[in-house]
$ cat protein.pdb   # PDB, C-alpha atoms, pLDDT in the B column
MODEL        1
ATOM      1  CA  MET A   2     -28.764 -31.591  75.193  1.00 82.00           C
ATOM      2  CA  ASN A   3     -26.576 -32.398  78.185  1.00 85.00           C
ATOM      3  CA  ARG A   4     -24.351 -29.460  77.265  1.00 88.00           C
ATOM      4  CA  ALA A   5     -27.335 -27.121  77.143  1.00 91.00           C
ATOM      5  CA  ALA A   6     -28.462 -28.370  80.555  1.00 91.00           C
ATOM      6  CA  GLU A   7     -24.977 -27.746  81.957  1.00 92.00           C
ATOM      7  CA  GLN A   8     -24.715 -24.276  80.435  1.00 92.00           C
ATOM      8  CA  TYR A   9     -28.253 -23.292  81.513  1.00 93.00           C
ATOM      9  CA  PRO A  10     -28.861 -25.122  84.821  1.00 95.00           C
ATOM     10  CA  ASP A  11     -32.118 -23.232  85.404  1.00 96.00           C
ATOM     11  CA  ALA A  12     -33.527 -25.117  82.399  1.00 95.00           C
ATOM     12  CA  ALA A  13     -31.997 -28.542  83.165  1.00 96.00           C
ATOM     13  CA  LYS A  14     -35.178 -30.144  84.537  1.00 96.00           C
ATOM     14  CA  GLU A  15     -37.318 -28.975  81.637  1.00 95.00           C
ATOM     15  CA  ILE A  16     -34.687 -30.153  79.149  1.00 95.00           C
ATOM     16  CA  ALA A  17     -34.638 -33.600  80.796  1.00 96.00           C
ATOM     17  CA  VAL A  18     -38.442 -33.871  80.678  1.00 95.00           C
ATOM     18  CA  TRP A  19     -38.518 -32.720  77.050  1.00 96.00           C
ATOM     19  CA  CYS A  20     -35.894 -35.339  76.105  1.00 95.00           C
ATOM     20  CA  LYS A  21     -37.801 -38.119  77.850  1.00 95.00           C
ATOM     21  CA  VAL A  22     -41.062 -37.238  76.108  1.00 95.00           C
ATOM     22  CA  VAL A  23     -39.443 -36.897  72.685  1.00 94.00           C
ATOM     23  CA  GLN A  24     -37.612 -40.223  72.940  1.00 92.00           C
ATOM     24  CA  SER A  25     -40.898 -42.114  73.117  1.00 89.00           C
ATOM     25  CA  ALA A  26     -42.853 -39.933  70.667  1.00 91.00           C
ATOM     26  CA  ARG A  27     -43.896 -41.085  67.207  1.00 90.00           C
ATOM     27  CA  TRP A  28     -45.439 -37.951  65.838  1.00 93.00           C
ATOM     28  CA  ARG A  29     -47.016 -38.116  62.411  1.00 93.00           C
ATOM     29  CA  ASN A  30     -47.664 -34.390  62.057  1.00 95.00           C
ATOM     30  CA  PHE A  31     -47.400 -31.039  63.802  1.00 96.00           C
ATOM     31  CA  VAL A  32     -50.910 -31.350  65.271  1.00 96.00           C
ATOM     32  CA  GLU A  33     -49.690 -34.324  67.302  1.00 96.00           C
ATOM     33  CA  VAL A  34     -46.680 -32.318  68.508  1.00 97.00           C
ATOM     34  CA  ARG A  35     -49.020 -29.552  69.710  1.00 97.00           C
ATOM     35  CA  GLN A  36     -51.111 -32.085  71.635  1.00 97.00           C
ATOM     36  CA  VAL A  37     -48.046 -32.762  73.783  1.00 96.00           C
ATOM     37  CA  PHE A  38     -46.301 -29.367  73.679  1.00 96.00           C
ATOM     38  CA  ASN A  39     -49.014 -26.763  73.214  1.00 94.00           C
ATOM     39  CA  SER A  40     -46.522 -23.890  72.986  1.00 94.00           C
ATOM     40  CA  ALA A  41     -44.559 -25.430  70.085  1.00 97.00           C
ATOM     41  CA  ASP A  42     -44.491 -23.405  66.883  1.00 96.00           C
ATOM     42  CA  ALA A  43     -44.019 -24.450  63.269  1.00 96.00           C
ATOM     43  CA  VAL A  44     -41.855 -21.860  61.516  1.00 95.00           C
ATOM     44  CA  ASN A  45     -41.066 -21.458  57.804  1.00 89.00           C
ATOM     45  CA  HIS A  46     -42.422 -24.934  56.944  1.00 87.00           C
ATOM     46  CA  ARG A  47     -39.126 -26.350  58.183  1.00 90.00           C
ATOM     47  CA  TYR A  48     -38.555 -25.775  61.873  1.00 96.00           C
ATOM     48  CA  VAL A  49     -40.438 -26.718  65.012  1.00 97.00           C
ATOM     49  CA  ILE A  50     -39.593 -24.411  67.910  1.00 97.00           C
ATOM     50  CA  PHE A  51     -40.084 -25.477  71.512  1.00 97.00           C
ATOM     51  CA  ASN A  52     -40.261 -22.973  74.350  1.00 96.00           C
ATOM     52  CA  ILE A  53     -38.177 -23.933  77.347  1.00 95.00           C
ATOM     53  CA  ARG A  54     -38.352 -22.340  80.779  1.00 94.00           C
ATOM     54  CA  HIS A  55     -41.351 -20.102  80.107  1.00 89.00           C
ATOM     55  CA  ASN A  56     -39.943 -18.709  76.838  1.00 90.00           C
ATOM     56  CA  ARG A  57     -36.544 -17.911  78.350  1.00 94.00           C
ATOM     57  CA  TYR A  58     -34.980 -20.385  75.903  1.00 96.00           C
ATOM     58  CA  ARG A  59     -35.899 -21.718  72.477  1.00 96.00           C
ATOM     59  CA  LEU A  60     -35.118 -25.169  71.184  1.00 96.00           C
ATOM     60  CA  VAL A  61     -34.929 -25.147  67.388  1.00 96.00           C
ATOM     61  CA  THR A  62     -35.611 -28.514  65.756  1.00 96.00           C
ATOM     62  CA  ILE A  63     -36.419 -30.121  62.438  1.00 96.00           C
ATOM     63  CA  ILE A  64     -38.814 -33.060  62.597  1.00 96.00           C
ATOM     64  CA  HIS A  65     -39.118 -35.801  60.018  1.00 94.00           C
ATOM     65  CA  TYR A  66     -42.475 -37.218  61.020  1.00 93.00           C
ATOM     66  CA  SER A  67     -43.196 -40.930  61.170  1.00 89.00           C
ATOM     67  CA  ARG A  68     -45.129 -42.338  58.230  1.00 86.00           C
ATOM     68  CA  GLU A  69     -47.074 -45.420  57.390  1.00 81.00           C
ATOM     69  CA  THR A  70     -45.475 -47.389  54.583  1.00 80.00           C
ATOM     70  CA  ASP A  71     -46.084 -50.982  53.525  1.00 80.00           C
ATOM     71  CA  ASP A  72     -48.291 -51.659  56.549  1.00 79.00           C
ATOM     72  CA  ARG A  73     -45.757 -50.418  59.069  1.00 81.00           C
ATOM     73  CA  ILE A  74     -45.070 -47.093  60.742  1.00 74.00           C
ATOM     74  CA  THR A  75     -41.607 -45.606  60.453  1.00 78.00           C
ATOM     75  CA  GLU A  76     -40.019 -44.134  63.569  1.00 82.00           C
ATOM     76  CA  GLY A  77     -39.434 -40.611  62.324  1.00 88.00           C
ATOM     77  CA  HIS A  78     -36.560 -38.427  63.495  1.00 92.00           C
ATOM     78  CA  LEU A  79     -36.078 -35.178  65.371  1.00 94.00           C
ATOM     79  CA  TYR A  80     -32.956 -33.112  64.740  1.00 93.00           C
ATOM     80  CA  ILE A  81     -31.848 -30.474  67.226  1.00 93.00           C
ATOM     81  CA  ARG A  82     -30.540 -27.457  65.345  1.00 94.00           C
ATOM     82  CA  ALA A  83     -29.920 -25.047  68.258  1.00 94.00           C
ATOM     83  CA  PHE A  84     -30.663 -24.277  71.892  1.00 94.00           C
ATOM     84  CA  LEU A  85     -30.867 -20.505  72.196  1.00 95.00           C
ATOM     85  CA  THR A  86     -31.712 -17.785  74.644  1.00 94.00           C
ATOM     86  CA  HIS A  87     -34.785 -15.783  73.694  1.00 88.00           C
ATOM     87  CA  GLN A  88     -32.530 -12.957  72.490  1.00 92.00           C
ATOM     88  CA  GLU A  89     -30.334 -15.269  70.383  1.00 93.00           C
ATOM     89  CA  TYR A  90     -33.461 -16.780  68.820  1.00 93.00           C
ATOM     90  CA  ASN A  91     -34.449 -13.387  67.406  1.00 91.00           C
ATOM     91  CA  ASP A  92     -31.659 -13.753  64.826  1.00 90.00           C
ATOM     92  CA  PRO A  93     -32.508 -16.637  62.436  1.00 88.00           C
ATOM     93  CA  GLU A  94     -28.791 -16.852  61.535  1.00 89.00           C
ATOM     94  CA  ASN A  95     -28.392 -18.663  64.891  1.00 90.00           C
ATOM     95  CA  TRP A  96     -31.006 -21.334  64.229  1.00 91.00           C
ATOM     96  CA  ASP A  97     -28.671 -23.883  62.657  1.00 87.00           C
ATOM     97  CA  LYS A  98     -25.650 -23.385  64.922  1.00 78.00           C
ATOM     98  CA  GLY A  99     -26.149 -26.414  67.153  1.00 71.00           C
ATOM     99  CA  VAL A 100     -26.352 -26.812  70.891  1.00 66.00           C
ATOM    100  CA  PRO A 101     -23.834 -25.150  73.251  1.00 61.00           C
ATOM    101  CA  LYS A 102     -20.366 -26.691  73.362  1.00 54.00           C
TER
ENDMDL
END
$ encode --input "protein.pdb" --output "structure tokens"
Amino acid sequence: MNRAAEQYPDAAKEIAVWCKVVQSARWRNFVEVRQVFNSADAVNHRYVIFNIRHNRYRLVTIIHYSRETDDRITEGHLYIRAFLTHQEYNDPENWDKGVPK
């Protein structure tokens, strides 16, 4: 995400805040994601899209939610698939291209 922040400096603060929140999150489902990021969208039963900088950018992710197994809660994982401008996001072919290099 550092590369995205460098390439899009107008979004750097929001990216940093998003990263900080996500690092400590242990979401068990999409409802919990929406409690923190009310503009997040679940798309195609696979992706969770976060709006950055008032919809100027879209952060495409895949979340493997934490689960309770054998009396413990797993951490879960969030995978960043792409950081896109709003226009780039309109083409789903871009969704798995990764963050800017």
$ resolve_selection --input "protein.pdb" --expression "the PyMOL selection byres ((chain A and resi 52) around 12)" --output "PDB file with C-alpha atoms, in the frame of the given file"
ATOM      1  CA  ALA A  12     -33.527 -25.117  82.399  1.00 95.00           C
ATOM      2  CA  GLU A  15     -37.318 -28.975  81.637  1.00 95.00           C
ATOM      3  CA  ILE A  16     -34.687 -30.153  79.149  1.00 95.00           C
ATOM      4  CA  TRP A  19     -38.518 -32.720  77.050  1.00 96.00           C
ATOM      5  CA  ARG A  35     -49.020 -29.552  69.710  1.00 97.00           C
ATOM      6  CA  PHE A  38     -46.301 -29.367  73.679  1.00 96.00           C
ATOM      7  CA  ASN A  39     -49.014 -26.763  73.214  1.00 94.00           C
ATOM      8  CA  SER A  40     -46.522 -23.890  72.986  1.00 94.00           C
ATOM      9  CA  ALA A  41     -44.559 -25.430  70.085  1.00 97.00           C
ATOM     10  CA  ASP A  42     -44.491 -23.405  66.883  1.00 96.00           C
ATOM     11  CA  ALA A  43     -44.019 -24.450  63.269  1.00 96.00           C
ATOM     12  CA  VAL A  49     -40.438 -26.718  65.012  1.00 97.00           C
ATOM     13  CA  ILE A  50     -39.593 -24.411  67.910  1.00 97.00           C
ATOM     14  CA  PHE A  51     -40.084 -25.477  71.512  1.00 97.00           C
ATOM     15  CA  ILE A  53     -38.177 -23.933  77.347  1.00 95.00           C
ATOM     16  CA  ARG A  54     -38.352 -22.340  80.779  1.00 94.00           C
ATOM     17  CA  HIS A  55     -41.351 -20.102  80.107  1.00 89.00           C
ATOM     18  CA  ASN A  56     -39.943 -18.709  76.838  1.00 90.00           C
ATOM     19  CA  ARG A  57     -36.544 -17.911  78.350  1.00 94.00           C
ATOM     20  CA  TYR A  58     -34.980 -20.385  75.903  1.00 96.00           C
ATOM     21  CA  ARG A  59     -35.899 -21.718  72.477  1.00 96.00           C
ATOM     22  CA  LEU A  60     -35.118 -25.169  71.184  1.00 96.00           C
ATOM     23  CA  VAL A  61     -34.929 -25.147  67.388  1.00 96.00           C
ATOM     24  CA  THR A  62     -35.611 -28.514  65.756  1.00 96.00           C
ATOM     25  CA  PHE A  84     -30.663 -24.277  71.892  1.00 94.00           C
ATOM     26  CA  LEU A  85     -30.867 -20.505  72.196  1.00 95.00           C
ATOM     27  CA  THR A  86     -31.712 -17.785  74.644  1.00 94.00           C
ATOM     28  CA  HIS A  87     -34.785 -15.783  73.694  1.00 88.00           C
ATOM     29  CA  TYR A  90     -33.461 -16.780  68.820  1.00 93.00           C
TER      30      TYR A  90
END
$ resolve_selection --input "protein.pdb" --expression "the PyMOL selection byres ((chain A and resi 2) around 12)" --output "PyMOL selection string"
chain A and resi 3-10+12-21+60-61+80-85+99-102
$ write_last_selection --input "protein.pdb" --atoms "C-alpha atoms" --output "compact mmCIF listing (two decimals), in the coordinates of the input"
# COMPACT_ATOMS: atom_id res chain seq x y z
CA ASN A 3 -26.58 -32.40 78.18
CA ARG A 4 -24.35 -29.46 77.26
CA ALA A 5 -27.34 -27.12 77.14
CA ALA A 6 -28.46 -28.37 80.56
CA GLU A 7 -24.98 -27.75 81.96
CA GLN A 8 -24.72 -24.28 80.44
CA TYR A 9 -28.25 -23.29 81.51
CA PRO A 10 -28.86 -25.12 84.82
CA ALA A 12 -33.53 -25.12 82.40
CA ALA A 13 -32.00 -28.54 83.16
CA LYS A 14 -35.18 -30.14 84.54
CA GLU A 15 -37.32 -28.98 81.64
CA ILE A 16 -34.69 -30.15 79.15
CA ALA A 17 -34.64 -33.60 80.80
CA VAL A 18 -38.44 -33.87 80.68
CA TRP A 19 -38.52 -32.72 77.05
CA CYS A 20 -35.89 -35.34 76.10
CA LYS A 21 -37.80 -38.12 77.85
CA LEU A 60 -35.12 -25.17 71.18
CA VAL A 61 -34.93 -25.15 67.39
CA TYR A 80 -32.96 -33.11 64.74
CA ILE A 81 -31.85 -30.47 67.23
CA ARG A 82 -30.54 -27.46 65.34
CA ALA A 83 -29.92 -25.05 68.26
CA PHE A 84 -30.66 -24.28 71.89
CA LEU A 85 -30.87 -20.50 72.20
CA GLY A 99 -26.15 -26.41 67.15
CA VAL A 100 -26.35 -26.81 70.89
CA PRO A 101 -23.83 -25.15 73.25
CA LYS A 102 -20.37 -26.69 73.36
$ resolve_selection --input "protein.pdb" --expression "the PyMOL selection byres ((chain A and resi 25-27) around 10)" --output "PyMOL selection string"
chain A and resi 20-24+28-30+33-34+37+66-68+74-79
$ atom_distance --input "protein.pdb" --atom1 "atom CA of A:Ile63" --atom2 "atom CA of A:Glu94"
15.3 Å
$ axis_aligned_box --input "protein.pdb" --around "stretch 53-69 of chain A" --padding-each-side "3 Å" --output "AutoDock Vina command-line options"
--center_x -41.0 --center_y -31.7 --center_z 69.1 --size_x 18.1 --size_y 33.5 --size_z 29.4
$ atom_distance --input "protein.pdb" --atom1 "atom CA of A:Phe31" --atom2 "atom CA of A:Lys98"
23.1 Å
$ build_atoms --input "protein.pdb" --residues "stretch 30-50 of chain A" --atoms "N, CA and C atoms" --output "tab-separated table (two decimals), in the coordinates of the input"
chain	number	residue	atom	x	y	z
A	30	ASN	N	-47.44	-35.73	62.59
A	30	ASN	CA	-47.66	-34.39	62.06
A	30	ASN	C	-47.54	-33.37	63.19
A	31	PHE	N	-47.57	-32.10	62.82
A	31	PHE	CA	-47.40	-31.04	63.80
A	31	PHE	C	-48.57	-30.98	64.79
A	32	VAL	N	-49.75	-31.34	64.37
A	32	VAL	CA	-50.91	-31.35	65.27
A	32	VAL	C	-50.63	-32.27	66.46
A	33	GLU	N	-50.02	-33.40	66.21
A	33	GLU	CA	-49.69	-34.32	67.30
A	33	GLU	C	-48.62	-33.74	68.23
A	34	VAL	N	-47.68	-32.99	67.67
A	34	VAL	CA	-46.68	-32.32	68.51
A	34	VAL	C	-47.38	-31.34	69.45
A	35	ARG	N	-48.30	-30.55	68.91
A	35	ARG	CA	-49.02	-29.55	69.71
A	35	ARG	C	-49.89	-30.18	70.78
A	36	GLN	N	-50.33	-31.41	70.60
A	36	GLN	CA	-51.11	-32.08	71.64
A	36	GLN	C	-50.25	-32.36	72.86
A	37	VAL	N	-48.96	-32.50	72.68
A	37	VAL	CA	-48.05	-32.76	73.78
A	37	VAL	C	-47.40	-31.47	74.28
A	38	PHE	N	-46.96	-30.64	73.36
A	38	PHE	CA	-46.30	-29.37	73.68
A	38	PHE	C	-47.12	-28.25	73.04
A	39	ASN	N	-48.07	-27.73	73.80
A	39	ASN	CA	-49.01	-26.76	73.21
A	39	ASN	C	-48.38	-25.41	72.88
A	40	SER	N	-47.17	-25.15	73.33
A	40	SER	CA	-46.52	-23.89	72.99
A	40	SER	C	-45.55	-24.04	71.82
A	41	ALA	N	-45.45	-25.22	71.24
A	41	ALA	CA	-44.56	-25.43	70.08
A	41	ALA	C	-45.07	-24.63	68.89
A	42	ASP	N	-44.14	-24.17	68.07
A	42	ASP	CA	-44.49	-23.40	66.88
A	42	ASP	C	-43.83	-24.01	65.66
A	43	ALA	N	-44.57	-24.07	64.56
A	43	ALA	CA	-44.02	-24.45	63.27
A	43	ALA	C	-43.62	-23.16	62.56
A	44	VAL	N	-42.37	-23.08	62.11
A	44	VAL	CA	-41.86	-21.86	61.52
A	44	VAL	C	-41.24	-22.16	60.15
A	45	ASN	N	-41.63	-21.38	59.16
A	45	ASN	CA	-41.07	-21.46	57.80
A	45	ASN	C	-41.19	-22.84	57.17
A	46	HIS	N	-42.19	-23.60	57.52
A	46	HIS	CA	-42.42	-24.93	56.94
A	46	HIS	C	-41.22	-25.86	57.11
A	47	ARG	N	-40.33	-25.53	58.01
A	47	ARG	CA	-39.13	-26.35	58.18
A	47	ARG	C	-38.83	-26.65	59.64
A	48	TYR	N	-38.96	-25.65	60.48
A	48	TYR	CA	-38.56	-25.78	61.87
A	48	TYR	C	-39.75	-25.98	62.80
A	49	VAL	N	-39.49	-26.68	63.90
A	49	VAL	CA	-40.44	-26.72	65.01
A	49	VAL	C	-39.68	-26.17	66.21
A	50	ILE	N	-40.24	-25.12	66.80
A	50	ILE	CA	-39.59	-24.41	67.91
A	50	ILE	C	-40.32	-24.76	69.20
